[in-house]
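*Asks:* Quick one: structure below, then a few questions.
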Amino acid sequence: MGGSRAQVNKPHKTRFASKSSRNLHKTSDKSRIGKSEHNVAKGARAARVQRNKMLREQKRAALLKEKRASSGSASAPRVIVLFGLSADVNLNSLAEDLLSLLSPQGYDATLPTVASVEYKLRTTVLKAPHGDLLSCLEMAKVADLIAFVASASSSCEGSTSDYIDSFGSHCLSVFRSLGLPSTAVLIRDLPTDMKRRHDSKKTCTSSLASEFPEDCKFYPADTKDELHKFMWLFTEQRLSVPHWRSQRPYLISQKVDMVADDFNSGNCTLLLTGYLRARSLSVNQLVHVSGVGDFQLSKMEILKDPLPLNARKEQDFMDSDEVCDVEVLRSLVPDPMRQEPLLVENVPDPLAGDQTWPTEAEMAEAEKSQKQKKKKKRTLPRGTSEYQAAWIVDGTDEEGSSTDEDEEADGMVLDEGGIGYPGQEGTNYSDLSDDQASLSFGNSDGETDVDSVMMEGENLTKEQLANEIQKIKQAHADDEEFPDEVDTPLDIPARKRFAKYRGLKSFRTSTWDPKESLPLEYARIFAFDNFNRTQKNVLAKALDMEQQNRDDCATASSYARLYIKDVPTSVASKLCNQAKTMPVTACGLLQHESKMSVLHFSVKKHDSYSAPIKAKDELIFHVGFRQFIARPIYSTDNMNSDKHKMERFLHAGRFSMASIYAPISFPPLPLIALRSSEGAGTAPAVAAVGTLKSIDPDRIILKKITLTGYPQRVSKLKASVRYMFHNPEDVKWFKPVEVWTKCGRRGRIKEPLGTHGALKCIFNGVLQQHDTVCMSLYKRSYPKWPDHRFPILDA
């Protein structure tokens, strides 16, 4: 059987085979003209080396541009905020030492900005007042470097560290939520003896190291040489700022003035003078004055820099002009065709929903759609009329279409995928008696729990105020122990009290139309078809404006004066007084950022705040540079559902979503929520912190209530339940809604029993006598429209 048909195996390739023997099967095309393998490898290596060199040069150029923008001779002055970690720290002496080191010839106390030729640096030194949370917060928003000052001789009891008191620890947590810029720690009051000085510095550093970022450096700051070393290191340091601050132009005012308006006696023109930072500002942009609101610019002037680093230019400037009169280099006037309109709310058309006579095209389209509907075959119950068939939604499953014989037209329809809207305003109440129908429906809009209406502080005595606070605390405790449980009222029928609530077959899968029965406030807000696409286009447009160097823009680091028009005179006078203690900040707004919409924040109750925070309570929202007043509602964030359960209180220890009516802002942005105290003259406290997540008016937030009843008689799967309702008509009304028990049983209502609201239920298992029967009802909730929008009006 051998010969040519014998199997011949492929010879084994040994690891000792030479390269030539391994490459015998390869054919070489000598006729092809090309580079040798050595040259090809050499060319690839050269290309790789060239590409790496190009990337290094690009990174070097970007870093050089960033360094020139932040610390060059033409850059805006760096802002150093001195923050004392305890009340024992003397910031005044430290600020004087720093300013005298930077400017030996003297400086203006009202304008703490100096130009140092020795350090080739311009610096603004601000002192954060200890105990004033609002001033510290505003200074931290604009700081390029926060220098935390600790006293080695201080001893703070009851705090996380011996060198930080309670207010310092509180502000540190707020600064972390806001986003820390570059930080440094200056240690004062060290002993003069070298050994004790070294030991004290080491002890202070080890105690404070856990409170600050890893790259934070510690410097002794008692002598002039130590401050000199700190300033040299600060000059060469690459500063890092939060990302949200670099997306918008902003101006820290060094001078605030006001000019009366001849045409309107109630308004005036506010003048803010200072250095532009981060981005270029267009005269056609809207600006937000922190705590005041959004405004248009009537004019913008680019002024000659009053503090140039070049000594010769400074001398020429001193010779040519007086210091008080700054030379105007260029004046920019807005273009009416390109200026961003100050549009805050949408103006709804009251006749938009009125029925009009249809056109011929609309009638033809309706006839065509009607014919197509007739062609579709649908399986309907026997005896269904044409009118009844028009109300049956296509695609309903067999379980949803099949009805029990006992389920007659009670008016309450179970939502099993969008087949009904029970309890809406259009519900038929013809089955009620005349005296029942005459009852007022005003209570159907109210909250189900007992709301304590807080009156004005001056109208309440101390005993009444204490009682109101105690009621809120008790409601907060009850909500944690028995969430969503409410009592059915005795004097009002449940079908009227809960007329706007409906049952859901499944909270996760049942449908809820986001456009259904919207409140009137939704006619005043704006919505996006695709928010992510709009945000991408707006940011790209702002970047193009930055790179084009347009004629209507003032570049970053330029010294400018903003003429902000139509500012109320009383507000402008308050800003002039406020500028003496804390900086007044104005930031440029991106497109659409003045319009109202529904904003959603991921928030967490601050650890230092112990009082209960109820939904729709008034809070002051600090979102980036902007401040406004809002009345949020809180909800859970369900990742696998389009519906979210409302929370009556903001509970500690977990994140919730806060939804408010507010001006549009593009994320990411940090949130600091402040709450004013009940007493007059007290500063607001930090209630919650978080971040901006999305802008979506269609986000469905459902308020859940749970009606409870107790088994009276139990017979295997059947039970008679009482105290859930108080009349048989309510039992018939809520009959389609599924019931459940706290021990895990599920069932349905079969029929009412007697005349006092008892009902018979059937469950999927044996019911325990001590169990509780529950019914879940849902209603969509919306935020509360704020009565006033900006906090400075209340100052």
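Chain labels follow the order of the structure tokens: the first chain is A, the next B, and so on; residue numbering restarts at 1 in every chain, and ligands are counted from 1 in their shown order.
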Name all residues at most 8 Å from Ser116 in chain A (count only C-alpha atoms; drop same-chain ones fewer than 4 positions away) and give them as a PyMOL selection string.

*Replies:* chain A and resi 102-103+120-122+309

*Asks:* Let's see if you can do this: from backbone DSSP, list all helix (DSSP H, G or I) residues in range 186-378 of chain A, as a count of residues only.

*Replies:* 62

*Asks:* Per residue of range 637-656 of chain A within 6 Å of range 608-617 of chain A, note the shortest atom pair and the distance in Å to one decimal, counting only C-alpha atoms, and order the rows by chain and increasing residue number, as a tab-separated table.

*Replies:*
residue	atom	partner	partner_atom	distance
A:Arg648	CA	A:Ala615	CA	5.4
A:Phe649	CA	A:Lys614	CA	4.5
A:Leu650	CA	A:Ile613	CA	5.5

*Asks:* Could the residues in this selection be saved with all heavy atoms as a PDB file, in the first residue's frame?

*Replies:*
ATOM      1  N   ARG A 648     -39.860  63.960  50.463  1.00  0.00           N
ATOM      2  CA  ARG A 648     -40.427  65.129  51.135  1.00  0.00           C
ATOM      3  C   ARG A 648     -39.378  65.938  51.882  1.00  0.00           C
ATOM      4  O   ARG A 648     -39.560  67.122  52.118  1.00  0.00           O
ATOM      5  CB  ARG A 648     -41.524  64.684  52.105  1.00  0.00           C
ATOM      6  CG  ARG A 648     -42.757  64.137  51.408  1.00  0.00           C
ATOM      7  CD  ARG A 648     -43.773  63.646  52.434  1.00  0.00           C
ATOM      8  NE  ARG A 648     -45.023  63.246  51.791  1.00  0.00           N
ATOM      9  CZ  ARG A 648     -45.244  62.070  51.232  1.00  0.00           C
ATOM     10  NH1 ARG A 648     -44.290  61.164  51.226  1.00  0.00           N
ATOM     11  NH2 ARG A 648     -46.396  61.786  50.674  1.00  0.00           N
ATOM     12  N   PHE A 649     -38.281  65.283  52.268  1.00  0.00           N
ATOM     13  CA  PHE A 649     -37.199  65.953  52.978  1.00  0.00           C
ATOM     14  C   PHE A 649     -35.878  65.548  52.341  1.00  0.00           C
ATOM     15  O   PHE A 649     -35.769  64.471  51.743  1.00  0.00           O
ATOM     16  CB  PHE A 649     -37.197  65.580  54.471  1.00  0.00           C
ATOM     17  CG  PHE A 649     -38.356  66.147  55.244  1.00  0.00           C
ATOM     18  CD1 PHE A 649     -39.555  65.448  55.335  1.00  0.00           C
ATOM     19  CD2 PHE A 649     -38.251  67.363  55.873  1.00  0.00           C
ATOM     20  CE1 PHE A 649     -40.621  65.955  56.048  1.00  0.00           C
ATOM     21  CE2 PHE A 649     -39.317  67.889  56.591  1.00  0.00           C
ATOM     22  CZ  PHE A 649     -40.511  67.185  56.678  1.00  0.00           C
ATOM     23  N   LEU A 650     -34.889  66.406  52.485  1.00  0.00           N
ATOM     24  CA  LEU A 650     -33.527  66.075  52.076  1.00  0.00           C
ATOM     25  C   LEU A 650     -32.847  65.395  53.264  1.00  0.00           C
ATOM     26  O   LEU A 650     -32.471  66.042  54.239  1.00  0.00           O
ATOM     27  CB  LEU A 650     -32.765  67.338  51.668  1.00  0.00           C
ATOM     28  CG  LEU A 650     -31.323  67.121  51.192  1.00  0.00           C
ATOM     29  CD1 LEU A 650     -31.291  66.244  49.948  1.00  0.00           C
ATOM     30  CD2 LEU A 650     -30.650  68.456  50.904  1.00  0.00           C
TER      31      LEU A 650
END

*Asks:* List the spatial neighbours of Ser573 in chain A as a list of chain:residue names - criterion: any atom at most 10 Å away, only C-alpha atoms, same-chain residues fewer than 6 positions off excluded.

*Replies:*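 That gives A:Val256, A:Asp257, A:Met258, A:Cys268, A:Leu270.
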
*Asks:* Taking into account only C-alpha atoms, which residue in the set A:Ala74, A:Val142, A:Ala147, A:Ala688 is nearest to Tyr559 in chain A?

*Replies:*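 Closest candidate: A:Ala74.
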
*Asks:* Find the residues around Lys574 in chain A up to 12 Å (only C-alpha atoms counted), leave out those fewer than 5 positions away in its own chain, and share them as an MDAnalysis selection string.

*Replies:* chainID A and resid 256:258 270 291:292 567:569 579:581 584 791:795

*Asks:* When distances are computed from only C-alpha atoms, which of A:Arg533, A:Arg626, A:Lys704, A:Lys645 shows the smallest separation from Thr585 in chain A?

*Replies:* A:Arg626

*Asks:* Please return as a PyMOL selection string: the residues of range 241-360 of chain A that backbone DSSP assigns to strand (DSSP E).

*Replies:* chain A and resi 250-260+267-277+281-282+287-289+293-295+297-303+328-332

*Asks:* Limited to N, CA and C atoms, could you put the picked residues into a file as a compact mmCIF listing (two decimals), in the first residue's frame?

*Replies:*
# COMPACT_ATOMS: atom_id res chain seq x y z
N TYR A 250 -14.62 86.49 33.36
CA TYR A 250 -15.11 87.14 34.57
C TYR A 250 -14.20 88.30 34.93
N LEU A 251 -14.75 89.23 35.68
CA LEU A 251 -14.06 90.45 36.06
C LEU A 251 -14.22 90.66 37.56
N ILE A 252 -13.08 90.86 38.25
CA ILE A 252 -13.09 91.20 39.68
C ILE A 252 -12.98 92.72 39.77
N SER A 253 -14.01 93.35 40.24
CA SER A 253 -14.04 94.81 40.23
C SER A 253 -13.06 95.38 41.25
N GLN A 254 -12.28 96.35 40.78
CA GLN A 254 -11.42 97.12 41.68
C GLN A 254 -12.02 98.49 41.98
N LYS A 255 -13.02 98.85 41.21
CA LYS A 255 -13.70 100.12 41.42
C LYS A 255 -15.14 99.97 40.98
N VAL A 256 -16.09 100.40 41.80
CA VAL A 256 -17.52 100.30 41.51
C VAL A 256 -18.12 101.70 41.58
N ASP A 257 -18.76 102.12 40.49
CA ASP A 257 -19.43 103.42 40.43
C ASP A 257 -20.81 103.24 39.85
N MET A 258 -21.59 104.30 39.94
CA MET A 258 -22.93 104.28 39.36
C MET A 258 -23.23 105.65 38.75
N VAL A 259 -23.91 105.61 37.60
CA VAL A 259 -24.28 106.83 36.88
C VAL A 259 -25.79 106.83 36.72
N ALA A 260 -26.44 107.91 37.11
CA ALA A 260 -27.90 107.99 37.04
C ALA A 260 -28.37 107.96 35.60
N ASN A 267 -33.73 103.33 37.58
CA ASN A 267 -32.57 102.55 37.18
C ASN A 267 -31.37 103.44 36.97
N CYS A 268 -30.21 102.83 36.91
CA CYS A 268 -28.98 103.56 36.68
C CYS A 268 -28.03 102.65 35.89
N THR A 269 -26.86 103.19 35.55
CA THR A 269 -25.82 102.43 34.87
C THR A 269 -24.72 102.13 35.88
N LEU A 270 -24.42 100.85 36.04
CA LEU A 270 -23.40 100.40 36.98
C LEU A 270 -22.06 100.27 36.26
N LEU A 271 -21.01 100.87 36.84
CA LEU A 271 -19.67 100.85 36.26
C LEU A 271 -18.78 99.95 37.09
N LEU A 272 -18.27 98.89 36.47
CA LEU A 272 -17.34 97.98 37.12
C LEU A 272 -16.01 98.05 36.38
N THR A 273 -14.94 98.33 37.10
CA THR A 273 -13.61 98.48 36.51
C THR A 273 -12.69 97.43 37.10
N GLY A 274 -11.97 96.71 36.22
CA GLY A 274 -11.05 95.68 36.70
C GLY A 274 -10.43 94.94 35.54
N TYR A 275 -9.72 93.88 35.86
CA TYR A 275 -9.03 93.07 34.86
C TYR A 275 -9.94 91.91 34.42
N LEU A 276 -10.02 91.71 33.10
CA LEU A 276 -10.73 90.56 32.56
C LEU A 276 -9.86 89.31 32.72
N ARG A 277 -10.50 88.20 33.00
CA ARG A 277 -9.77 86.97 33.24
C ARG A 277 -10.41 85.81 32.49
N LEU A 281 -14.18 88.77 26.49
CA LEU A 281 -15.57 89.18 26.73
C LEU A 281 -16.03 90.05 25.59
N SER A 282 -17.18 89.69 25.01
CA SER A 282 -17.77 90.48 23.93
C SER A 282 -18.75 91.50 24.51
N VAL A 287 -24.01 89.78 30.87
CA VAL A 287 -23.16 89.59 32.05
C VAL A 287 -24.05 89.36 33.26
N HIS A 288 -23.52 88.58 34.18
CA HIS A 288 -24.21 88.33 35.45
C HIS A 288 -23.40 88.97 36.57
N VAL A 289 -24.02 89.87 37.29
CA VAL A 289 -23.41 90.47 38.47
C VAL A 289 -23.82 89.61 39.66
N GLY A 293 -28.16 89.74 39.29
CA GLY A 293 -28.93 89.28 38.14
C GLY A 293 -28.16 89.43 36.84
N ASP A 294 -28.88 89.21 35.74
CA ASP A 294 -28.32 89.26 34.40
C ASP A 294 -28.68 90.59 33.74
N PHE A 295 -27.71 91.17 33.02
CA PHE A 295 -27.91 92.48 32.41
C PHE A 295 -27.19 92.54 31.06
N LEU A 297 -24.90 95.06 28.36
CA LEU A 297 -23.89 96.10 28.41
C LEU A 297 -24.28 97.23 27.47
N SER A 298 -24.16 98.45 27.94
CA SER A 298 -24.38 99.60 27.07
C SER A 298 -23.09 100.06 26.41
N LYS A 299 -21.95 99.74 27.04
CA LYS A 299 -20.65 100.11 26.49
C LYS A 299 -19.58 99.38 27.27
N MET A 300 -18.43 99.21 26.63
CA MET A 300 -17.28 98.63 27.31
C MET A 300 -16.03 99.37 26.85
N GLU A 301 -15.24 99.84 27.80
CA GLU A 301 -14.03 100.59 27.51
C GLU A 301 -12.80 99.78 27.92
N ILE A 302 -11.82 99.73 27.03
CA ILE A 302 -10.54 99.12 27.34
C ILE A 302 -9.59 100.24 27.75
N LEU A 303 -9.12 100.18 28.98
CA LEU A 303 -8.34 101.25 29.57
C LEU A 303 -6.85 100.90 29.58
N VAL A 328 -8.40 105.99 28.11
CA VAL A 328 -9.25 105.04 27.38
C VAL A 328 -8.57 104.72 26.06
N LEU A 329 -8.20 103.44 25.89
CA LEU A 329 -7.55 103.03 24.65
C LEU A 329 -8.56 102.74 23.55
N ARG A 330 -9.65 102.11 23.90
CA ARG A 330 -10.64 101.71 22.90
C ARG A 330 -12.00 101.63 23.55
N SER A 331 -13.01 102.02 22.83
CA SER A 331 -14.38 101.97 23.33
C SER A 331 -15.20 101.06 22.42
N LEU A 332 -15.92 100.12 23.01
CA LEU A 332 -16.72 99.14 22.26
C LEU A 332 -18.20 99.38 22.55

*Asks:* Extract, using only C-alpha atoms, all DNA, RNA and protein residues at most 8 Å from Ala685 in chain A, discarding same-chain residues fewer than 2 positions from it, and format them as a CSV table (one decimal) with C-alpha atoms, in the first residue's frame.

*Replies:*
chain,number,residue,atom,x,y,z
A,609,TYR,CA,-26.4,71.3,59.1
A,674,LEU,CA,-27.4,78.3,51.6
A,675,ARG,CA,-30.4,78.6,53.9
A,676,SER,CA,-31.3,81.7,55.8
A,677,SER,CA,-31.9,81.4,59.5
A,683,ALA,CA,-26.0,84.9,58.3
A,687,ALA,CA,-27.4,73.5,53.9

*Asks:* Arg495 in chain A: which residues within 7 Å, counting only C-alpha atoms, same-chain residues fewer than 2 positions away excluded, as a PyMOL selection string?

*Replies:* chain A and resi 493+497-499+730+733

*Asks:* Show me, as a PyMOL selection string, the residues that have an atom within 7 Å of Ala758 in chain A when counting only C-alpha atoms, minus same-chain residues fewer than 3 positions from it.

*Replies:* chain A and resi 720-723+725+752-754

*Asks:* Next, write the just-selected residues to a file, as a PDB file, in the first residue's frame, keeping N, CA and C atoms as the atom set.

*Replies:*
ATOM      1  N   SER A 720     -60.871  40.603  54.958  1.00  0.00           N
ATOM      2  CA  SER A 720     -61.645  41.847  55.016  1.00  0.00           C
ATOM      3  C   SER A 720     -60.782  42.900  55.709  1.00  0.00           C
ATOM      4  N   VAL A 721     -60.634  44.057  55.059  1.00  0.00           N
ATOM      5  CA  VAL A 721     -59.724  45.115  55.494  1.00  0.00           C
ATOM      6  C   VAL A 721     -60.551  46.348  55.843  1.00  0.00           C
ATOM      7  N   ARG A 722     -60.183  47.018  56.928  1.00  0.00           N
ATOM      8  CA  ARG A 722     -60.895  48.229  57.331  1.00  0.00           C
ATOM      9  C   ARG A 722     -59.908  49.373  57.549  1.00  0.00           C
ATOM     10  N   TYR A 723     -60.456  50.579  57.655  1.00  0.00           N
ATOM     11  CA  TYR A 723     -59.744  51.826  57.943  1.00  0.00           C
ATOM     12  C   TYR A 723     -58.891  52.321  56.759  1.00  0.00           C
ATOM     13  N   PHE A 725     -60.484  53.023  53.741  1.00  0.00           N
ATOM     14  CA  PHE A 725     -61.462  53.995  53.259  1.00  0.00           C
ATOM     15  C   PHE A 725     -62.606  54.052  54.259  1.00  0.00           C
ATOM     16  N   PRO A 752     -66.638  46.031  48.050  1.00  0.00           N
ATOM     17  CA  PRO A 752     -66.779  46.707  49.349  1.00  0.00           C
ATOM     18  C   PRO A 752     -67.670  45.902  50.283  1.00  0.00           C
ATOM     19  N   LEU A 753     -67.468  46.087  51.566  1.00  0.00           N
ATOM     20  CA  LEU A 753     -68.256  45.420  52.591  1.00  0.00           C
ATOM     21  C   LEU A 753     -68.899  46.471  53.482  1.00  0.00           C
ATOM     22  N   GLY A 754     -70.227  46.404  53.618  1.00  0.00           N
ATOM     23  CA  GLY A 754     -70.925  47.292  54.531  1.00  0.00           C
ATOM     24  C   GLY A 754     -70.942  48.729  54.030  1.00  0.00           C
TER      25      GLY A 754
END

*Asks:* Which is closest to Pro213 in chain A among A:Cys774, A:Val241, A:Ala184, A:Met337, if we use only C-alpha atoms?

*Replies:*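 Smallest separation from Pro213 in chain A among the options: A:Ala184.
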
*Asks:* Smallest atom-to-atom distance to Lys703 in chain A: which of A:Tyr778, A:Tyr563, A:Phe212, A:Phe148, using only C-alpha atoms?

*Replies:*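 Going through A:Tyr778, A:Tyr563, A:Phe212, A:Phe148 one by one, the smallest distance to Lys703 in chain A is for A:Tyr778.
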
*Asks:* Rank A:Asn640, A:Gln285, A:Ser93, A:Ser290 by their smallest atom-to-atom distance to Gln578 in chain A, using only C-alpha atoms, and report the top residue only.

*Replies:*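 Distance minimum relative to Gln578 in chain A lands on A:Ser290.
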
*Asks:* For CA of Ala46 in chain A and CA of Leu64 in chain A, quote the distance in Å rounded to one decimal.

*Replies:*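 CA of Leu64 in chain A lies at a distance of 26.7 Å from CA of Ala46 in chain A.
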
*Asks:* Go through A:Ala586, A:Gln296, A:Arg789, A:Ile664 and flag the residue nearest Pro334 in chain A, using only C-alpha atoms for the distances.

*Replies:*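 Closest to Pro334 in chain A, using only C-alpha atoms: A:Gln296.
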
*Asks:* Have a look at CA of Lys496 in chain A and CA of Asp513 in chain A and let me know their distance in Å, one decimal.

*Replies:*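 Going from CA of Lys496 in chain A over to CA of Asp513 in chain A covers 22.7 Å.
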